[in-house]
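Structure first, then comments.
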Amino acid sequence: MKLYHFLTVSFLTVILYSCSSKQDANVSYTVNLGIIPAPNNVLDKNKTSALKDVKIALQSQMNPDFYQQLISDIQGVSLVDQSKANVILTEFKNLEKEGYQLTIENDKIEISAGSSTGFQYGLTSLIQMVQHHGFPLPQVVIEDSPKFRYRGMHLDVARHFFGVADVKKYLDYMAYYKFNNFHWHLTEDQGWRIEIKKYPNLQEIAAYRKETLIGHYNDQPHKFDGKRYGGFYTQEEVKEIVAYATDRNINVIPEIEMPGHAQAAIAAYPELGCENKKYEVATKWGVFEDVFCPNEVTFTFLEDVMDEVITLFPGKYIHIGGDECPKEAWKKSAFCQNLIKKQNLKDEHGLQSYFIQRMEKYINSKGKQIIGWDEILEGGLAPNATVMSWRGIEGGLEAARQDHDVIMTPGTHCYFDHYQSESPDEPVAIGGYTTVEKVYHWEPIPDSLAEDKRKYILGGQSNLWSEYIKAYSGVEYMVYARGMAMSEALWSSNKDYTAFLPRYMKHNDYWKSKGANMAFHVYDLKPMVDAGKGQPVSISFMIPEGTEVQYSVNGGASQKMDTQKPLDITENGNYAFTAGKDGRNGKPLLLDFDLHKATSATLTLEHDAAKQYAGNGPGSIINGIKGSDEKYGGTEWLGFDGVDAIGILDFGKPTEINNVNFRFFKGEGQWIYLPKSIEVFGSEDGKTFTSLKKISEIATSTKIASINIDIKNNQTRYLKFIATNYGTIPEGSQGAGHKAWLFVNEVVVK
Ligand code: ACM
């Protein structure tokens with residue numbers, strides 16, 4: 001129950017003390033310096049500085065516009081001539097490129113760094129201190145450098161287009177939190193967004209779609225808005241953005257998708273596809289079968305595109321996509337089948353590998369390196385490729401084992417298009433559930449990776465796919481809160497969520513004061529409902545130290561919850577819980593408990609739910625709360641990855657069972673399928689089970705299939721159920737070839 005303990009602080013103090021050479025100083029990390037990401041070594045002298053303002057003289061290589069903008073709304077910081085400065089910038093070449101030392105003394109401040117990046121980060125920390133700590137500043141020595149050298153943020157500008165001013169805002173946000181790589185997702189099925197002068201149809205045709213899907217992809221039937229939509233960046237605009245990023249020491253990585261997610265380009269130049277037909281820019285989301293044909297026309301096109309792209313981006317990397325490329329068109333194409341034979345390839349995956357390797361060779365010949373999504377492992381990795389692991393961490397681990405560089409960006413922690421709250425009034429998102437806290441605790445290098453391979457994990461990245469984000473205010477909502485947590489996950493070695501929260505509050509207020517559309521969910525309660533253990537259902541919360549929780553039942557009086565112990569749920573009805581601290585509250589958590597015969601039974605599952613969709617353990621599916629009708633992430637639904645959902649309920653004694661109701665989630669766009677069948681069995685001894693009923697036709701026109709099984713008056717101590725996984729996802733569907741997910745909640749026994 002008491003979750004964030006003081007141990008962390010004292011442990012940290014020991015670490016910092018041991019790092020310090022100044023024996024007289026009192027080292028402490030309890031002071032809230034206001035800096036995000038938290039610096040790695042802070043020596044707090046427990047004295048305040050007499051300085052009443054901060055006057056910075058920039059060095060010649062620093063862009064005054066950037067710094068002017070950074071300090072524009074902060075009292076007490078100014079840019080001045082050298083003679084008036086009280087902040088001394090000292091070159092110290094021995095510091096690593098992104099590292100800095102910031103020393104605040106009684107009457108002056110010194111920042112040492114070995115590069116313009118180090119100075120930028122030192123100044124950013126100082127400016128954040130003035131902003132979020134204020135005067136008097138504490139006398140501290142901060143020695144700081146990042147945990148990971150790659151700290152990325154991705155933005156999809158293809159599903160929805162964000163203009164130059166918006167991208168600049170994104171870059172400002174990145175700079176403020178010391179991110180150093182902007183992954184610019186420029187081409188997609190739904191739009192091509194970068195001007196390529198040699199191919200005008202990309203601007204005239206591929207940059208626009210005739211209309212756009214309304215609502216969520218899983219809402220059936222699909223409806224469209226009937227409005228032409230699109231846009232692209234001219235090469236002058238691209239240069240402007242790259243220069244803006246460079247001024248902030250941010251590298252820009254353009255992504256030109258191939259061989260899949262290319263329908264817009266193929267609509268503009270149909271000879272790039274495998275079939276002789278009319279193609280159109282996609283109007284809905286998903287994965288499309290019309291992919292680049294690996295013919296010479298395509299390679300010439302892509303090499304020409306690269307020639308122009310490479311001149312615009314000074315950085316080392318070009319991202320070539322490589323994800324989600326269905327192989328249907330290649331299977332049907334005589335040309336592709338011949339090419340497979342001619343090149344002695346195993347199959348279409350070999351052809352994908354051939355495609356990527358050929359483009360890698362070209363890009364390498366121009367002095368650049370490729371990055372690809374983890375599908376580029378299939379059929380053999382291109383020799384110099386860096387792998388971006390998104391479908392989990394396995395692709396990244398495999399690439400590292402093969403001595404390839406890796407950027408970790410698993411959907412579970414890094415996809416900011418996922419929901420961040422279980423509140424039903426959240427703006428529509430693709431799915432999932434990724435909170436600020438979950439992002440905060442993310443570790444890009446899993447324990448399972450061998451010591452000698454860890455160096456290949458360059459860092460991590462958040463991704464923002466924009467299917468459901470139409471305007472920049474949506475970007476702010478999805479990114480700005482979780483981005484702070486991500487910055488600390490990628491920078492700070494000594495993470496402590498309890499120490500992060502007060503800083504987070506200050507930063508949240510700052511962005512709000514600038515008009516940003518901030519999501520504020522850190523006090524939203526995540527219920528831990530304990531069930532399935534043969535005891536009454538109870539609820540507790542994982543909350544930061546000092547948080548208070550109030551609750552009411554069925555609209556009755558509000559009472560303070562004793563958060564030191566779980567609260568037993570003994571009556572049915574609507575429960576409302578609200579958490580808060582210092583006058584800030586989270587959204588009320590509304591839970592409708594409908595206790596039934598299984599809620600106090602013991603549940604054993606044959607296969608565990610997948611780690612990322614494990615709710616609060618197996619009992620989540622018999623705890624008396626129905627999972628959301630709209631979202632499968634969160635604490636109620638259990639997600640089974642490619643396996644059957646098989647459970648045995650033990651009621652403790654023979655019990656009359658009349659009816660069992662199962663709810664399943666359908667979200668085929670997210671690879672979630674209904675089960676093929678559901679069967680229930682009874683048993684007296686838990687060993688020999690007799691089938692009571694089987695249902696094989698399971699369908700729904702909504703996202704939820706609610707399946708009722710009547711088994712009147714059956715006296716049974718044990719009840720077993722088997723919901724059979726759909727199996728392999730068929731060709732032509734999203735996730736084709738992968739095993740389907742099966743999501744269950746709730747199993748109601750009456
Ligand atoms: C991806 O999310 N398709 C990389």
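Scheme for the structure tokens: letters A, B, ... for chains in order shown; per-chain residue numbers from 1; ligand numbers from 1 in order shown.
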
Each residue of chain A with at least one atom at most 12 Å from ligand 1 should appear once, together with its nearest atom pair and the corresponding distance in Å (one decimal); atoms considered: only C-alpha atoms and all ligand atoms; ordering: chain, then increasing residue number; output as a Markdown table.
```
| residue | atom | partner | partner_atom_place_in_ligand_line | distance |
| --- | --- | --- | --- | --- |
| A:His154 | CA | ligand 1 | 4 (C) | 10.5 |
| A:Leu155 | CA | ligand 1 | 2 (O) | 11.4 |
| A:Asp156 | CA | ligand 1 | 2 (O) | 10.2 |
| A:His183 | CA | ligand 1 | 4 (C) | 11.8 |
| A:His185 | CA | ligand 1 | 4 (C) | 10.0 |
| A:Glu188 | CA | ligand 1 | 3 (N) | 10.5 |
| A:Asp189 | CA | ligand 1 | 3 (N) | 11.9 |
| A:Glu255 | CA | ligand 1 | 4 (C) | 11.0 |
| A:Glu257 | CA | ligand 1 | 4 (C) | 10.1 |
| A:Met258 | CA | ligand 1 | 3 (N) | 11.7 |
| A:Gly260 | CA | ligand 1 | 3 (N) | 10.0 |
| A:His261 | CA | ligand 1 | 3 (N) | 9.0 |
| A:Trp285 | CA | ligand 1 | 3 (N) | 11.3 |
| A:Gly286 | CA | ligand 1 | 3 (N) | 9.2 |
| A:Val287 | CA | ligand 1 | 3 (N) | 8.7 |
| A:Phe288 | CA | ligand 1 | 3 (N) | 11.9 |
| A:His319 | CA | ligand 1 | 4 (C) | 11.2 |
| A:Ile320 | CA | ligand 1 | 4 (C) | 11.0 |
| A:Gly321 | CA | ligand 1 | 4 (C) | 7.4 |
| A:Gly322 | CA | ligand 1 | 4 (C) | 8.4 |
| A:Asp323 | CA | ligand 1 | 3 (N) | 5.6 |
| A:Glu324 | CA | ligand 1 | 3 (N) | 6.1 |
| A:Cys325 | CA | ligand 1 | 3 (N) | 9.6 |
| A:Ile371 | CA | ligand 1 | 4 (C) | 11.7 |
| A:Gly372 | CA | ligand 1 | 4 (C) | 8.9 |
| A:Trp373 | CA | ligand 1 | 4 (C) | 5.8 |
| A:Asp374 | CA | ligand 1 | 4 (C) | 8.0 |
| A:Glu375 | CA | ligand 1 | 4 (C) | 8.9 |
| A:Ile376 | CA | ligand 1 | 4 (C) | 11.1 |
| A:Val387 | CA | ligand 1 | 4 (C) | 11.1 |
| A:Met388 | CA | ligand 1 | 4 (C) | 8.3 |
| A:Ser389 | CA | ligand 1 | 4 (C) | 8.3 |
| A:Trp390 | CA | ligand 1 | 4 (C) | 5.9 |
| A:Arg391 | CA | ligand 1 | 2 (O) | 7.5 |
| A:Gly392 | CA | ligand 1 | 2 (O) | 10.5 |
| A:Gly395 | CA | ligand 1 | 4 (C) | 12.0 |
| A:Met408 | CA | ligand 1 | 4 (C) | 11.5 |
| A:Thr409 | CA | ligand 1 | 4 (C) | 9.0 |
| A:Pro410 | CA | ligand 1 | 2 (O) | 9.0 |
| A:Gly411 | CA | ligand 1 | 2 (O) | 7.5 |
| A:Thr412 | CA | ligand 1 | 2 (O) | 11.2 |
| A:Cys414 | CA | ligand 1 | 2 (O) | 10.3 |
| A:Tyr415 | CA | ligand 1 | 2 (O) | 8.2 |
| A:Phe416 | CA | ligand 1 | 2 (O) | 11.0 |
| A:Asp417 | CA | ligand 1 | 2 (O) | 10.0 |
| A:His418 | CA | ligand 1 | 2 (O) | 11.5 |
| A:Ile430 | CA | ligand 1 | 2 (O) | 11.3 |
| A:Gln461 | CA | ligand 1 | 4 (C) | 11.8 |
| A:Ser462 | CA | ligand 1 | 2 (O) | 10.9 |
| A:Asn463 | CA | ligand 1 | 2 (O) | 8.0 |
| A:Leu464 | CA | ligand 1 | 2 (O) | 9.1 |
| A:Trp465 | CA | ligand 1 | 2 (O) | 7.6 |
| A:Ser466 | CA | ligand 1 | 2 (O) | 11.0 |
| A:Glu467 | CA | ligand 1 | 2 (O) | 11.5 |
| A:Gly669 | CA | ligand 1 | 3 (N) | 11.9 |
| A:Gln670 | CA | ligand 1 | 2 (O) | 10.9 |
| A:Gln734 | CA | ligand 1 | 3 (N) | 10.3 |
| A:Gly735 | CA | ligand 1 | 3 (N) | 10.1 |
```

Exercise. Taking the backbone alone, and naming residues the way the document does, which bits of stretch 390-518 of chain A are strand (DSSP E or B) by DSSP, as a PyMOL selection string?
Worked result: chain A and resi 406-408+415+418+431+457-463

Filtering to C-alpha atoms, could you give me those residues as a PDB file, in the first residue's frame?
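Printed below is again_35.pdb as written:
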```pdb
ATOM      1  CA  VAL A 406      19.255  -0.400 -31.337  1.00  0.00           C
ATOM      2  CA  ILE A 407      16.814   2.316 -30.372  1.00  0.00           C
ATOM      3  CA  MET A 408      14.176   1.011 -28.007  1.00  0.00           C
ATOM      4  CA  TYR A 415       3.655   4.982 -27.772  1.00  0.00           C
ATOM      5  CA  HIS A 418      -2.061   5.337 -26.321  1.00  0.00           C
ATOM      6  CA  GLY A 431      -5.964   2.077 -27.658  1.00  0.00           C
ATOM      7  CA  ILE A 457      21.185   0.057 -26.969  1.00  0.00           C
ATOM      8  CA  LEU A 458      21.727   3.681 -27.924  1.00  0.00           C
ATOM      9  CA  GLY A 459      18.659   4.861 -26.062  1.00  0.00           C
ATOM     10  CA  GLY A 460      14.946   5.244 -26.503  1.00  0.00           C
ATOM     11  CA  GLN A 461      12.236   7.291 -28.107  1.00  0.00           C
ATOM     12  CA  SER A 462       8.601   8.245 -27.719  1.00  0.00           C
ATOM     13  CA  ASN A 463       6.402   7.894 -30.790  1.00  0.00           C
TER      14      ASN A 463
END
```

Checklist entry - Could you state the separation of atom CA of A:Ser540 and atom CA of A:Leu595 in Å, given to one decimal place? => result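 Separation between atom CA of A:Ser540 and atom CA of A:Leu595: 17.1 Å.
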
Just checking: using only C-alpha atoms, which residue out of A:Ser683, A:Gln559, A:His222, A:Arg454 ends up closest to A:Asp405?
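Smallest separation from A:Asp405 among the options: A:Arg454.
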
When you look at A:Gln128 with a cut-off of 8 Å (counting only C-alpha atoms), what residues show up, excluding the ones that are within fewer than 5 positions of it in the same chain? I need them as a PyMOL selection string. chain A and resi 34-36+133

Keeping only N, CA, C and O atoms, write those residues as a short mmCIF file (atom, residue, chain, number, x, y, z; two decimals), in the first residue's frame.
```cif
data_model
loop_
_atom_site.label_atom_id
_atom_site.label_comp_id
_atom_site.auth_asym_id
_atom_site.auth_seq_id
_atom_site.Cartn_x
_atom_site.Cartn_y
_atom_site.Cartn_z
N GLY A 34 13.70 21.84 -9.42
CA GLY A 34 12.79 22.21 -10.50
C GLY A 34 13.25 21.76 -11.87
O GLY A 34 12.66 22.12 -12.87
N ILE A 35 14.34 20.98 -11.92
CA ILE A 35 14.90 20.60 -13.22
C ILE A 35 14.36 19.25 -13.68
O ILE A 35 14.38 18.28 -12.93
N ILE A 36 13.87 19.21 -14.91
CA ILE A 36 13.50 17.94 -15.57
C ILE A 36 14.24 17.91 -16.90
O ILE A 36 14.16 18.88 -17.66
N HIS A 133 12.26 26.86 -9.33
CA HIS A 133 12.71 26.93 -7.94
C HIS A 133 12.65 28.38 -7.49
O HIS A 133 12.05 28.70 -6.47
#
```

task = Pick out the residues sitting within 10 Å of A:Ala471, and hand them over as a list in words; count only C-alpha atoms, and ignore anything fewer than 3 positions along from it in its own chain.
result = His160, Phe161, Phe162, Gly163, Asp166, Ser466, Tyr468, Gly474, Val475 and Glu476 of chain A

Considering only C-alpha atoms, tabulate each residue of stretch 125-227 of chain A that lies at most 10 Å from stretch 237-248 of chain A along with its nearest interatomic pair and the corresponding distance in Å to one decimal; arrange the rows by chain and ascending residue number and present them as CSV.
```
residue,atom,partner,partner_atom,distance
A:Gly163,CA,A:Glu237,CA,9.3
A:Val164,CA,A:Glu237,CA,6.9
A:Ala165,CA,A:Ile241,CA,9.1
A:Val167,CA,A:Ile241,CA,7.5
A:Lys168,CA,A:Ile241,CA,6.9
A:Tyr170,CA,A:Ala245,CA,9.8
A:Leu171,CA,A:Ala245,CA,6.3
A:Asp172,CA,A:Arg248,CA,7.9
A:Met174,CA,A:Arg248,CA,8.8
A:Ala175,CA,A:Arg248,CA,6.0
A:Tyr176,CA,A:Arg248,CA,9.2
A:Lys178,CA,A:Arg248,CA,9.2
A:Phe179,CA,A:Arg248,CA,9.6
A:Asn180,CA,A:Arg248,CA,8.4
A:Asn181,CA,A:Ala245,CA,9.1
A:Phe182,CA,A:Ala245,CA,8.2
A:Ile194,CA,A:Val238,CA,7.8
A:Glu195,CA,A:Val238,CA,8.7
```

Could you turn the residues from that selection into a file that holds N, CA, C and O atoms, as a compact mmCIF listing (two decimals), in the first residue's frame?
```
# COMPACT_ATOMS: atom_id res chain seq x y z
N GLY A 163 2.01 21.93 -39.39
CA GLY A 163 2.80 22.90 -40.16
C GLY A 163 4.09 23.28 -39.46
O GLY A 163 4.41 22.82 -38.35
N VAL A 164 4.85 24.16 -40.12
CA VAL A 164 6.19 24.54 -39.64
C VAL A 164 6.13 25.08 -38.21
O VAL A 164 6.94 24.70 -37.36
N ALA A 165 5.16 25.95 -37.93
CA ALA A 165 5.09 26.57 -36.60
C ALA A 165 4.87 25.49 -35.53
O ALA A 165 5.46 25.55 -34.44
N VAL A 167 5.73 22.26 -35.75
CA VAL A 167 6.94 21.43 -35.61
C VAL A 167 7.97 22.19 -34.77
O VAL A 167 8.67 21.60 -33.93
N LYS A 168 8.04 23.50 -34.96
CA LYS A 168 8.97 24.29 -34.14
C LYS A 168 8.59 24.22 -32.66
O LYS A 168 9.47 24.13 -31.79
N TYR A 170 7.20 21.76 -31.22
CA TYR A 170 7.61 20.41 -30.79
C TYR A 170 9.11 20.41 -30.48
O TYR A 170 9.56 19.85 -29.48
N LEU A 171 9.88 21.07 -31.35
CA LEU A 171 11.33 21.12 -31.15
C LEU A 171 11.68 21.93 -29.90
O LEU A 171 12.61 21.59 -29.17
N ASP A 172 10.91 22.98 -29.64
CA ASP A 172 11.15 23.76 -28.41
C ASP A 172 10.92 22.88 -27.19
O ASP A 172 11.69 22.92 -26.22
N MET A 174 11.16 19.66 -27.07
CA MET A 174 12.26 18.68 -27.01
C MET A 174 13.51 19.30 -26.40
O MET A 174 14.17 18.69 -25.55
N ALA A 175 13.83 20.51 -26.83
CA ALA A 175 15.05 21.16 -26.32
C ALA A 175 14.94 21.39 -24.81
O ALA A 175 15.90 21.20 -24.07
N TYR A 176 13.74 21.78 -24.39
CA TYR A 176 13.52 22.08 -22.97
C TYR A 176 13.79 20.85 -22.09
O TYR A 176 14.16 20.97 -20.94
N LYS A 178 15.86 18.27 -23.13
CA LYS A 178 17.16 17.67 -23.50
C LYS A 178 17.03 16.43 -24.37
O LYS A 178 17.82 15.50 -24.27
N PHE A 179 15.99 16.40 -25.20
CA PHE A 179 15.92 15.36 -26.24
C PHE A 179 16.84 15.80 -27.37
O PHE A 179 16.97 16.99 -27.66
N ASN A 180 17.44 14.82 -28.05
CA ASN A 180 18.42 15.21 -29.07
C ASN A 180 18.17 14.62 -30.46
O ASN A 180 18.99 14.83 -31.36
N ASN A 181 17.09 13.87 -30.65
CA ASN A 181 16.80 13.35 -31.99
C ASN A 181 15.31 13.49 -32.30
O ASN A 181 14.47 12.95 -31.56
N PHE A 182 15.02 14.19 -33.37
CA PHE A 182 13.63 14.36 -33.82
C PHE A 182 13.40 13.42 -35.00
O PHE A 182 14.01 13.59 -36.07
N ILE A 194 6.83 15.56 -47.92
CA ILE A 194 8.07 16.29 -48.18
C ILE A 194 8.20 16.52 -49.68
O ILE A 194 8.03 15.59 -50.48
N GLU A 195 8.48 17.76 -50.03
CA GLU A 195 8.60 18.10 -51.46
C GLU A 195 9.81 17.38 -52.06
O GLU A 195 10.91 17.43 -51.51
```

Compile a residue-level contact table for stretch 606-651 of chain A against stretch 565-584 of chain A at a cut-off of 12 Å, reporting for every qualifying residue the shortest atom pair and its distance in Å to one decimal, with only C-alpha atoms counted, rows ordered by chain and ascending number, as a Markdown table.
```
| residue | atom | partner | partner_atom | distance |
| --- | --- | --- | --- | --- |
| A:Asn623 | CA | A:Ile569 | CA | 9.9 |
| A:Gly624 | CA | A:Asn572 | CA | 8.7 |
| A:Ile625 | CA | A:Asn572 | CA | 10.2 |
```
